[in-house]
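Written out below as structure tokens is the structure these notes cover.
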Amino acid sequence: EPFFLGVSKFLHLSALTSMFMFTSFLTMYYYYFRDSKRKSLFYFSAVLLALGILTKIDAAIVGPINLSLIFFNEYRKSRFKKIILNIFLYSLTVASIFYLLFPAMWVAPFWVINKILTEGIHDTAFDSSGGESYTNIKALYYFETFFFRSLPSSFIAFILGLIILFLNRKKYSSHENKFFNWTLAYLLFNLVILTIPDKTKDRYLINLYPPMLFISALTFYEIIKFRIKTLKYLIVAATVSLYLFALYRYYPVYSFYYTELIGGPSGITKLGLSIKNRGEYYAQAAQYINKTDPKPEESNAVIVHREQVRTFGPFYYGKLYANPGLLPGNTNVDYLISRPDMNYLVPLDRCGLIKTFGPKDPLGYQEIFLYKCKDFNNKYKKFRN
């Protein structure tokens with residue numbers, strides 16, 4: 001998935017966390033349903049969960065799922081002592097790894113836990129505004145986001161996969177149906193926990209991608225078994241082509257992906273929603289200046305959206321300012337970097353557009369605007385961003 005791939009390149013750790021979570025769940029499932037003699041799998045699942053929590057606290061969501069796997073599997077075998085023992089051993093392993101690999105816990109464990117609960121969970125999750133939604137139905141936010149941010153093939157395959165799961169269960173073995181049930185439980189539990197807080201974000205969808213894409217994969221699994229080879233090959237070829245088309249259009253900024261089913265990023269604006277930009281394409285603008293300017297290290301640039309100074313700055317060789325009024329003396333601004341919703345701030349009598357950056361055509365979109373300026377200095381102190 002382009003969006004998943006793009007977010008995995010951020011300093012945000014959502015993608016890594018989601019992989020720790022789902023792998024921990026799969027390992028625990030495999031232990032109980034396929035290879036219960038290898039106790040190492042049991043502890044490996046706990047280690048993965050602990051690493052997930054150390055990466056990002058929301059990985060703890062998978063804890064109750066794994067503990068439920070322990071409870072139900074030991075309960076059906078009437079091993080009641082094993083229920084208590086295994087839950088204790090699993091929890092102890094998670095807590096021990098968390099403690100050993102988190103040096104702050106060695107010094108002030110209660111202070112750290114309090115910080116996690118207050119600032120990491122309460123103040124962040126329950127004291128923040130939610131993400132922008134088209135339906136304004138909170139319960140549908142992540143399904144809506146999955147539609148907007150995923151490849152058309154993945155979304156359509158997900159819907160078909162759900163239909164297959166609920167209408168065609170008899171064709172699958174008992175073991176396969178158990179796996180389907182537990183994967184759906186994993187998905188629904190994560191979905192409920194992520195929907196409860198006030199704070200909802202599109203990148204939190206990353207936690208849901210592994211189980212949702214598993215359901216999508218079920219559709220392709222059924223397609224591969226088609227007896228009509230021509231139809232099978234056409235569907236596979238169309239899916240691969242769509243994926244390559246998305247990679248071409250968004251390379252190397254996959255986190256900016258929006259589905260072709262609404263016409264890409266421009267479709268979002270037509271629906272009355274705002275484009276999410278976490279710093280996408282600013283690096284490409286900086287690299288363009290570095291490559292084309294004869295002396296980029298001597299140039300001055302002003303970025304219209306001041307929060308993106310930290311995104312553009314590390315890539316830019318020259319001096320960067322958030323406002324022309326900050327330039328010293330009679331120094332002139334050489335470049336101005338803007339985006340569609342802030343282009344009204346650009347003094348077009350002093351700055352001319354030289355290049356735009358964003359997804360390529362077809363279904364292209366201009367997200368970042370690079371202007372070359374002349375006689376534009378710190379006298380423009382009323383310039384606000």
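Please note that chains go A, B, ... in the order of the structure tokens, that every chain numbers its residues from 1, and that ligands are numbered from 1 in the order shown.
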
Considering only C-alpha atoms, return as a PDB file with all heavy atoms, in the first residue's frame whatever protein or nucleic-acid residues lie within 12 Å of Met19 (chain A), sequence-local ones (same chain, fewer than 5 positions apart) excluded.
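Contents of the output file around_36.pdb:
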ATOM      1  N   PHE A   4       0.760   3.193   3.410  1.00  0.00           N
ATOM      2  CA  PHE A   4       1.477   2.457   4.456  1.00  0.00           C
ATOM      3  C   PHE A   4       2.983   2.582   4.249  1.00  0.00           C
ATOM      4  O   PHE A   4       3.739   2.830   5.191  1.00  0.00           O
ATOM      5  CB  PHE A   4       1.061   0.985   4.439  1.00  0.00           C
ATOM      6  CG  PHE A   4       1.637   0.164   5.563  1.00  0.00           C
ATOM      7  CD1 PHE A   4       0.920  -0.041   6.728  1.00  0.00           C
ATOM      8  CD2 PHE A   4       2.905  -0.398   5.463  1.00  0.00           C
ATOM      9  CE1 PHE A   4       1.446  -0.795   7.772  1.00  0.00           C
ATOM     10  CE2 PHE A   4       3.443  -1.145   6.490  1.00  0.00           C
ATOM     11  CZ  PHE A   4       2.703  -1.345   7.647  1.00  0.00           C
ATOM     12  N   SER A   8       5.649   4.638   6.702  1.00  0.00           N
ATOM     13  CA  SER A   8       6.759   3.886   7.296  1.00  0.00           C
ATOM     14  C   SER A   8       8.086   4.630   7.146  1.00  0.00           C
ATOM     15  O   SER A   8       9.055   4.324   7.835  1.00  0.00           O
ATOM     16  CB  SER A   8       6.869   2.491   6.661  1.00  0.00           C
ATOM     17  OG  SER A   8       7.315   2.583   5.317  1.00  0.00           O
ATOM     18  N   LEU A  13       6.118   6.406  14.154  1.00  0.00           N
ATOM     19  CA  LEU A  13       6.465   4.990  14.241  1.00  0.00           C
ATOM     20  C   LEU A  13       5.262   4.068  14.062  1.00  0.00           C
ATOM     21  O   LEU A  13       5.312   2.902  14.437  1.00  0.00           O
ATOM     22  CB  LEU A  13       7.141   4.723  15.592  1.00  0.00           C
ATOM     23  CG  LEU A  13       8.456   5.494  15.801  1.00  0.00           C
ATOM     24  CD1 LEU A  13       8.920   5.379  17.241  1.00  0.00           C
ATOM     25  CD2 LEU A  13       9.537   4.987  14.863  1.00  0.00           C
ATOM     26  N   SER A  14       4.192   4.588  13.481  1.00  0.00           N
ATOM     27  CA  SER A  14       2.949   3.818  13.358  1.00  0.00           C
ATOM     28  C   SER A  14       3.132   2.529  12.565  1.00  0.00           C
ATOM     29  O   SER A  14       2.602   1.481  12.942  1.00  0.00           O
ATOM     30  CB  SER A  14       1.868   4.678  12.700  1.00  0.00           C
ATOM     31  OG  SER A  14       1.616   5.833  13.457  1.00  0.00           O
ATOM     32  N   SER A  24       3.055 -10.222  16.555  1.00  0.00           N
ATOM     33  CA  SER A  24       2.880 -10.793  17.893  1.00  0.00           C
ATOM     34  C   SER A  24       1.604 -11.635  17.954  1.00  0.00           C
ATOM     35  O   SER A  24       1.597 -12.754  18.486  1.00  0.00           O
ATOM     36  CB  SER A  24       2.809  -9.661  18.929  1.00  0.00           C
ATOM     37  OG  SER A  24       2.484 -10.171  20.206  1.00  0.00           O
ATOM     38  N   PHE A  25       0.534 -11.109  17.393  1.00  0.00           N
ATOM     39  CA  PHE A  25      -0.740 -11.829  17.349  1.00  0.00           C
ATOM     40  C   PHE A  25      -0.609 -13.124  16.542  1.00  0.00           C
ATOM     41  O   PHE A  25      -1.051 -14.193  16.971  1.00  0.00           O
ATOM     42  CB  PHE A  25      -1.819 -10.920  16.749  1.00  0.00           C
ATOM     43  CG  PHE A  25      -3.019 -11.655  16.232  1.00  0.00           C
ATOM     44  CD1 PHE A  25      -3.944 -12.211  17.099  1.00  0.00           C
ATOM     45  CD2 PHE A  25      -3.230 -11.791  14.860  1.00  0.00           C
ATOM     46  CE1 PHE A  25      -5.058 -12.896  16.620  1.00  0.00           C
ATOM     47  CE2 PHE A  25      -4.330 -12.473  14.371  1.00  0.00           C
ATOM     48  CZ  PHE A  25      -5.244 -13.028  15.258  1.00  0.00           C
ATOM     49  N   LEU A  26       0.005 -13.044  15.355  1.00  0.00           N
ATOM     50  CA  LEU A  26       0.161 -14.223  14.500  1.00  0.00           C
ATOM     51  C   LEU A  26       1.008 -15.298  15.173  1.00  0.00           C
ATOM     52  O   LEU A  26       0.723 -16.495  15.059  1.00  0.00           O
ATOM     53  CB  LEU A  26       0.796 -13.826  13.164  1.00  0.00           C
ATOM     54  CG  LEU A  26      -0.046 -12.975  12.214  1.00  0.00           C
ATOM     55  CD1 LEU A  26       0.767 -12.619  10.981  1.00  0.00           C
ATOM     56  CD2 LEU A  26      -1.322 -13.702  11.812  1.00  0.00           C
ATOM     57  N   THR A  27       2.053 -14.863  15.865  1.00  0.00           N
ATOM     58  CA  THR A  27       2.928 -15.824  16.545  1.00  0.00           C
ATOM     59  C   THR A  27       2.177 -16.557  17.647  1.00  0.00           C
ATOM     60  O   THR A  27       2.313 -17.781  17.804  1.00  0.00           O
ATOM     61  CB  THR A  27       4.151 -15.096  17.141  1.00  0.00           C
ATOM     62  OG1 THR A  27       4.810 -14.359  16.117  1.00  0.00           O
ATOM     63  CG2 THR A  27       5.135 -16.091  17.744  1.00  0.00           C
ATOM     64  N   LEU A  48       7.768  -9.580  21.049  1.00  0.00           N
ATOM     65  CA  LEU A  48       7.302  -8.697  19.971  1.00  0.00           C
ATOM     66  C   LEU A  48       6.319  -7.657  20.493  1.00  0.00           C
ATOM     67  O   LEU A  48       6.364  -6.483  20.087  1.00  0.00           O
ATOM     68  CB  LEU A  48       6.639  -9.524  18.863  1.00  0.00           C
ATOM     69  CG  LEU A  48       7.574 -10.396  18.020  1.00  0.00           C
ATOM     70  CD1 LEU A  48       6.756 -11.338  17.135  1.00  0.00           C
ATOM     71  CD2 LEU A  48       8.483  -9.527  17.173  1.00  0.00           C
ATOM     72  N   LEU A  49       5.430  -8.071  21.385  1.00  0.00           N
ATOM     73  CA  LEU A  49       4.478  -7.133  21.964  1.00  0.00           C
ATOM     74  C   LEU A  49       5.191  -6.062  22.779  1.00  0.00           C
ATOM     75  O   LEU A  49       4.869  -4.868  22.682  1.00  0.00           O
ATOM     76  CB  LEU A  49       3.461  -7.873  22.838  1.00  0.00           C
ATOM     77  CG  LEU A  49       2.448  -6.987  23.583  1.00  0.00           C
ATOM     78  CD1 LEU A  49       1.689  -6.086  22.615  1.00  0.00           C
ATOM     79  CD2 LEU A  49       1.478  -7.852  24.390  1.00  0.00           C
ATOM     80  N   LEU A  51       8.276  -5.014  22.399  1.00  0.00           N
ATOM     81  CA  LEU A  51       8.968  -4.121  21.460  1.00  0.00           C
ATOM     82  C   LEU A  51       7.987  -3.148  20.814  1.00  0.00           C
ATOM     83  O   LEU A  51       8.318  -1.983  20.566  1.00  0.00           O
ATOM     84  CB  LEU A  51       9.687  -4.944  20.389  1.00  0.00           C
ATOM     85  CG  LEU A  51      10.882  -5.779  20.864  1.00  0.00           C
ATOM     86  CD1 LEU A  51      11.412  -6.642  19.725  1.00  0.00           C
ATOM     87  CD2 LEU A  51      12.000  -4.888  21.417  1.00  0.00           C
ATOM     88  N   GLY A  52       6.773  -3.633  20.546  1.00  0.00           N
ATOM     89  CA  GLY A  52       5.744  -2.768  19.987  1.00  0.00           C
ATOM     90  C   GLY A  52       5.363  -1.649  20.950  1.00  0.00           C
ATOM     91  O   GLY A  52       5.245  -0.488  20.559  1.00  0.00           O
ATOM     92  N   ILE A  53       5.200  -1.993  22.231  1.00  0.00           N
ATOM     93  CA  ILE A  53       4.840  -0.993  23.248  1.00  0.00           C
ATOM     94  C   ILE A  53       5.979  -0.001  23.450  1.00  0.00           C
ATOM     95  O   ILE A  53       5.744   1.197  23.638  1.00  0.00           O
ATOM     96  CB  ILE A  53       4.477  -1.690  24.579  1.00  0.00           C
ATOM     97  CG1 ILE A  53       3.241  -2.571  24.399  1.00  0.00           C
ATOM     98  CG2 ILE A  53       4.224  -0.654  25.678  1.00  0.00           C
ATOM     99  CD1 ILE A  53       2.921  -3.449  25.591  1.00  0.00           C
ATOM    100  N   THR A  55       7.953   0.888  21.142  1.00  0.00           N
ATOM    101  CA  THR A  55       7.948   1.720  19.945  1.00  0.00           C
ATOM    102  C   THR A  55       6.864   2.784  20.036  1.00  0.00           C
ATOM    103  O   THR A  55       7.100   3.971  19.780  1.00  0.00           O
ATOM    104  CB  THR A  55       7.716   0.855  18.693  1.00  0.00           C
ATOM    105  OG1 THR A  55       8.711  -0.175  18.653  1.00  0.00           O
ATOM    106  CG2 THR A  55       7.822   1.685  17.421  1.00  0.00           C
ATOM    107  N   LYS A  56       5.662   2.350  20.429  1.00  0.00           N
ATOM    108  CA  LYS A  56       4.523   3.275  20.536  1.00  0.00           C
ATOM    109  C   LYS A  56       3.502   2.621  21.459  1.00  0.00           C
ATOM    110  O   LYS A  56       3.146   1.453  21.284  1.00  0.00           O
ATOM    111  CB  LYS A  56       3.942   3.537  19.145  1.00  0.00           C
ATOM    112  CG  LYS A  56       3.166   4.813  18.985  1.00  0.00           C
ATOM    113  CD  LYS A  56       3.034   5.152  17.494  1.00  0.00           C
ATOM    114  CE  LYS A  56       2.141   6.373  17.290  1.00  0.00           C
ATOM    115  NZ  LYS A  56       0.720   5.997  17.300  1.00  0.00           N
ATOM    116  N   ALA A  59       0.505  -0.011  20.923  1.00  0.00           N
ATOM    117  CA  ALA A  59       0.698  -1.437  20.649  1.00  0.00           C
ATOM    118  C   ALA A  59       0.091  -2.296  21.757  1.00  0.00           C
ATOM    119  O   ALA A  59      -0.212  -3.480  21.544  1.00  0.00           O
ATOM    120  CB  ALA A  59       2.183  -1.755  20.500  1.00  0.00           C
ATOM    121  N   VAL A  62      -3.024  -4.821  21.446  1.00  0.00           N
ATOM    122  CA  VAL A  62      -3.037  -6.234  21.063  1.00  0.00           C
ATOM    123  C   VAL A  62      -2.894  -7.148  22.281  1.00  0.00           C
ATOM    124  O   VAL A  62      -3.166  -8.355  22.185  1.00  0.00           O
ATOM    125  CB  VAL A  62      -1.920  -6.529  20.034  1.00  0.00           C
ATOM    126  CG1 VAL A  62      -0.563  -6.660  20.695  1.00  0.00           C
ATOM    127  CG2 VAL A  62      -2.232  -7.779  19.231  1.00  0.00           C
ATOM    128  N   ILE A 206      -2.968   2.902  10.039  1.00  0.00           N
ATOM    129  CA  ILE A 206      -1.851   1.976   9.829  1.00  0.00           C
ATOM    130  C   ILE A 206      -1.977   0.749  10.724  1.00  0.00           C
ATOM    131  O   ILE A 206      -1.638  -0.367  10.324  1.00  0.00           O
ATOM    132  CB  ILE A 206      -0.507   2.694  10.076  1.00  0.00           C
ATOM    133  CG1 ILE A 206      -0.344   3.873   9.103  1.00  0.00           C
ATOM    134  CG2 ILE A 206       0.657   1.738   9.947  1.00  0.00           C
ATOM    135  CD1 ILE A 206      -0.364   3.483   7.652  1.00  0.00           C
ATOM    136  N   ASN A 207      -2.487   0.927  11.958  1.00  0.00           N
ATOM    137  CA  ASN A 207      -2.667  -0.215  12.864  1.00  0.00           C
ATOM    138  C   ASN A 207      -3.654  -1.233  12.304  1.00  0.00           C
ATOM    139  O   ASN A 207      -3.584  -2.423  12.626  1.00  0.00           O
ATOM    140  CB  ASN A 207      -3.180   0.268  14.227  1.00  0.00           C
ATOM    141  CG  ASN A 207      -2.085   0.846  15.093  1.00  0.00           C
ATOM    142  OD1 ASN A 207      -0.951   0.982  14.650  1.00  0.00           O
ATOM    143  ND2 ASN A 207      -2.413   1.201  16.314  1.00  0.00           N
ATOM    144  N   LEU A 208      -4.581  -0.756  11.475  1.00  0.00           N
ATOM    145  CA  LEU A 208      -5.634  -1.623  10.954  1.00  0.00           C
ATOM    146  C   LEU A 208      -5.283  -2.249   9.609  1.00  0.00           C
ATOM    147  O   LEU A 208      -5.961  -3.169   9.158  1.00  0.00           O
ATOM    148  CB  LEU A 208      -6.934  -0.824  10.807  1.00  0.00           C
ATOM    149  CG  LEU A 208      -7.433  -0.105  12.066  1.00  0.00           C
ATOM    150  CD1 LEU A 208      -8.661   0.736  11.724  1.00  0.00           C
ATOM    151  CD2 LEU A 208      -7.749  -1.087  13.170  1.00  0.00           C
ATOM    152  N   TYR A 209      -4.234  -1.740   8.981  1.00  0.00           N
ATOM    153  CA  TYR A 209      -3.882  -2.234   7.646  1.00  0.00           C
ATOM    154  C   TYR A 209      -3.594  -3.743   7.599  1.00  0.00           C
ATOM    155  O   TYR A 209      -4.098  -4.436   6.695  1.00  0.00           O
ATOM    156  CB  TYR A 209      -2.697  -1.463   7.086  1.00  0.00           C
ATOM    157  CG  TYR A 209      -3.079  -0.403   6.074  1.00  0.00           C
ATOM    158  CD1 TYR A 209      -2.676   0.917   6.225  1.00  0.00           C
ATOM    159  CD2 TYR A 209      -3.832  -0.726   4.950  1.00  0.00           C
ATOM    160  CE1 TYR A 209      -3.027   1.893   5.294  1.00  0.00           C
ATOM    161  CE2 TYR A 209      -4.187   0.230   4.018  1.00  0.00           C
ATOM    162  CZ  TYR A 209      -3.781   1.535   4.198  1.00  0.00           C
ATOM    163  OH  TYR A 209      -4.138   2.489   3.278  1.00  0.00           O
ATOM    164  N   PRO A 210      -2.773  -4.305   8.495  1.00  0.00           N
ATOM    165  CA  PRO A 210      -2.471  -5.739   8.367  1.00  0.00           C
ATOM    166  C   PRO A 210      -3.706  -6.636   8.339  1.00  0.00           C
ATOM    167  O   PRO A 210      -3.846  -7.452   7.414  1.00  0.00           O
ATOM    168  CB  PRO A 210      -1.573  -6.015   9.585  1.00  0.00           C
ATOM    169  CG  PRO A 210      -0.886  -4.704   9.827  1.00  0.00           C
ATOM    170  CD  PRO A 210      -1.936  -3.675   9.541  1.00  0.00           C
ATOM    171  N   PRO A 211      -4.655  -6.521   9.319  1.00  0.00           N
ATOM    172  CA  PRO A 211      -5.827  -7.402   9.229  1.00  0.00           C
ATOM    173  C   PRO A 211      -6.751  -7.058   8.054  1.00  0.00           C
ATOM    174  O   PRO A 211      -7.354  -7.955   7.457  1.00  0.00           O
ATOM    175  CB  PRO A 211      -6.547  -7.180  10.569  1.00  0.00           C
ATOM    176  CG  PRO A 211      -6.087  -5.847  11.045  1.00  0.00           C
ATOM    177  CD  PRO A 211      -4.676  -5.735  10.563  1.00  0.00           C
TER     178      PRO A 211
END

Open item on the list: At a cut-off of 12 Å, using only C-alpha atoms, what residues contact Pro252 (chain A)? Leave out same-chain residues fewer than 6 positions from it and give the result as a PyMOL selection string.
Closed with: chain A and resi 2-3+5-7+9+246+280-284+357-360

Hey, can you spit out that residue selection with C-alpha atoms as a PDB file, in the first residue's frame?
ATOM      1  CA  PRO A   2       1.496   3.394  -0.991  1.00  0.00           C
ATOM      2  CA  PHE A   3       0.142   5.158   2.116  1.00  0.00           C
ATOM      3  CA  LEU A   5       4.829   2.519   2.670  1.00  0.00           C
ATOM      4  CA  GLY A   6       4.943   6.324   2.853  1.00  0.00           C
ATOM      5  CA  VAL A   7       4.111   6.525   6.552  1.00  0.00           C
ATOM      6  CA  LYS A   9       9.347   6.430   6.063  1.00  0.00           C
ATOM      7  CA  ALA A 246       0.410   4.677  -8.248  1.00  0.00           C
ATOM      8  CA  GLU A 280       5.377  16.030   1.577  1.00  0.00           C
ATOM      9  CA  TYR A 281       7.230  17.403  -1.458  1.00  0.00           C
ATOM     10  CA  TYR A 282       9.118  20.069   0.515  1.00  0.00           C
ATOM     11  CA  ALA A 283      12.294  18.000   0.309  1.00  0.00           C
ATOM     12  CA  GLN A 284      11.917  17.782  -3.485  1.00  0.00           C
ATOM     13  CA  PHE A 357       5.734  19.676  -7.004  1.00  0.00           C
ATOM     14  CA  GLY A 358       3.177  16.945  -6.423  1.00  0.00           C
ATOM     15  CA  PRO A 359       1.792  13.721  -7.920  1.00  0.00           C
ATOM     16  CA  LYS A 360       2.462  13.341 -11.642  1.00  0.00           C
TER      17      LYS A 360
END

TODO: Name the residues in contact with Asn168 (chain A) at a cut-off of 12 Å, using only C-alpha atoms, excluding same-chain residues fewer than 5 positions from it; report them as a ChimeraX atom specification.
DONE: /A:160-163,173,177,218-219,222

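Neighbours of Asn86 (chain A) closer than or equal to 9 Å, with only C-alpha atoms counted and sequence neighbours fewer than 5 positions away skipped, come out as Leu67, Ile70, Phe71, Glu74, Lys81 and Ser91 of chain A.
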
Name all residues at most 9 Å from Val236 (chain A) (count only C-alpha atoms; drop same-chain ones fewer than 6 positions away) and give them as a CSV table (one decimal) with C-alpha atoms, in the first residue's frame.
chain,number,residue,atom,x,y,z
A,220,PHE,CA,-7.1,-12.4,-4.5
A,223,ILE,CA,-9.2,-15.1,-7.9
A,224,ILE,CA,-6.0,-17.2,-8.2

Task: DSSP alpha helix (DSSP H) residues within region 60-260 of chain A, listed as a ChimeraX atom specification - done: /A:62-75,80-100,103-107,109-115,123-125,141-149,152-167,174-195,209-224,229-250

TODO: Tell me, as a list of chain:residue names, which residues lie within 9 Å of region 339-352 of chain A, counting only C-alpha atoms; anything in the same chain fewer than 5 positions away does not count.
DONE: A:Val304, A:His305, A:Asp334, A:Gln366, A:Glu367, A:Ile368, A:Phe369, A:Leu370, A:Tyr371, A:Lys372, A:Cys373, A:Lys374, A:Asp375, A:Phe376, A:Phe383, A:Arg384, A:Asn385

- [ ] Write out as a ChimeraX atom specification which residues come within 9 Å of Gln308 (chain A) when counting only C-alpha atoms, dropping same-chain ones fewer than 3 positions away.
- [x] /A:278-279,282,303-305,311-313,322

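Distances to Pro265 (chain A) were evaluated for A:Ile57, A:Thr183, A:Tyr365, A:Ser68 using only C-alpha atoms, and the minimum falls at A:Tyr365.
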
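When only C-alpha atoms are used to measure the gap to Phe189 (chain A), the shortest distance among A:Val333, A:Ile61, A:Leu16, A:Leu101 belongs to A:Ile61.
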
Task: Selected residue, from A:Ile262, A:Val302, A:Ala95, A:Leu273, that lies nearest to Ile113 (chain A) when counting only C-alpha atoms - done: A:Ala95
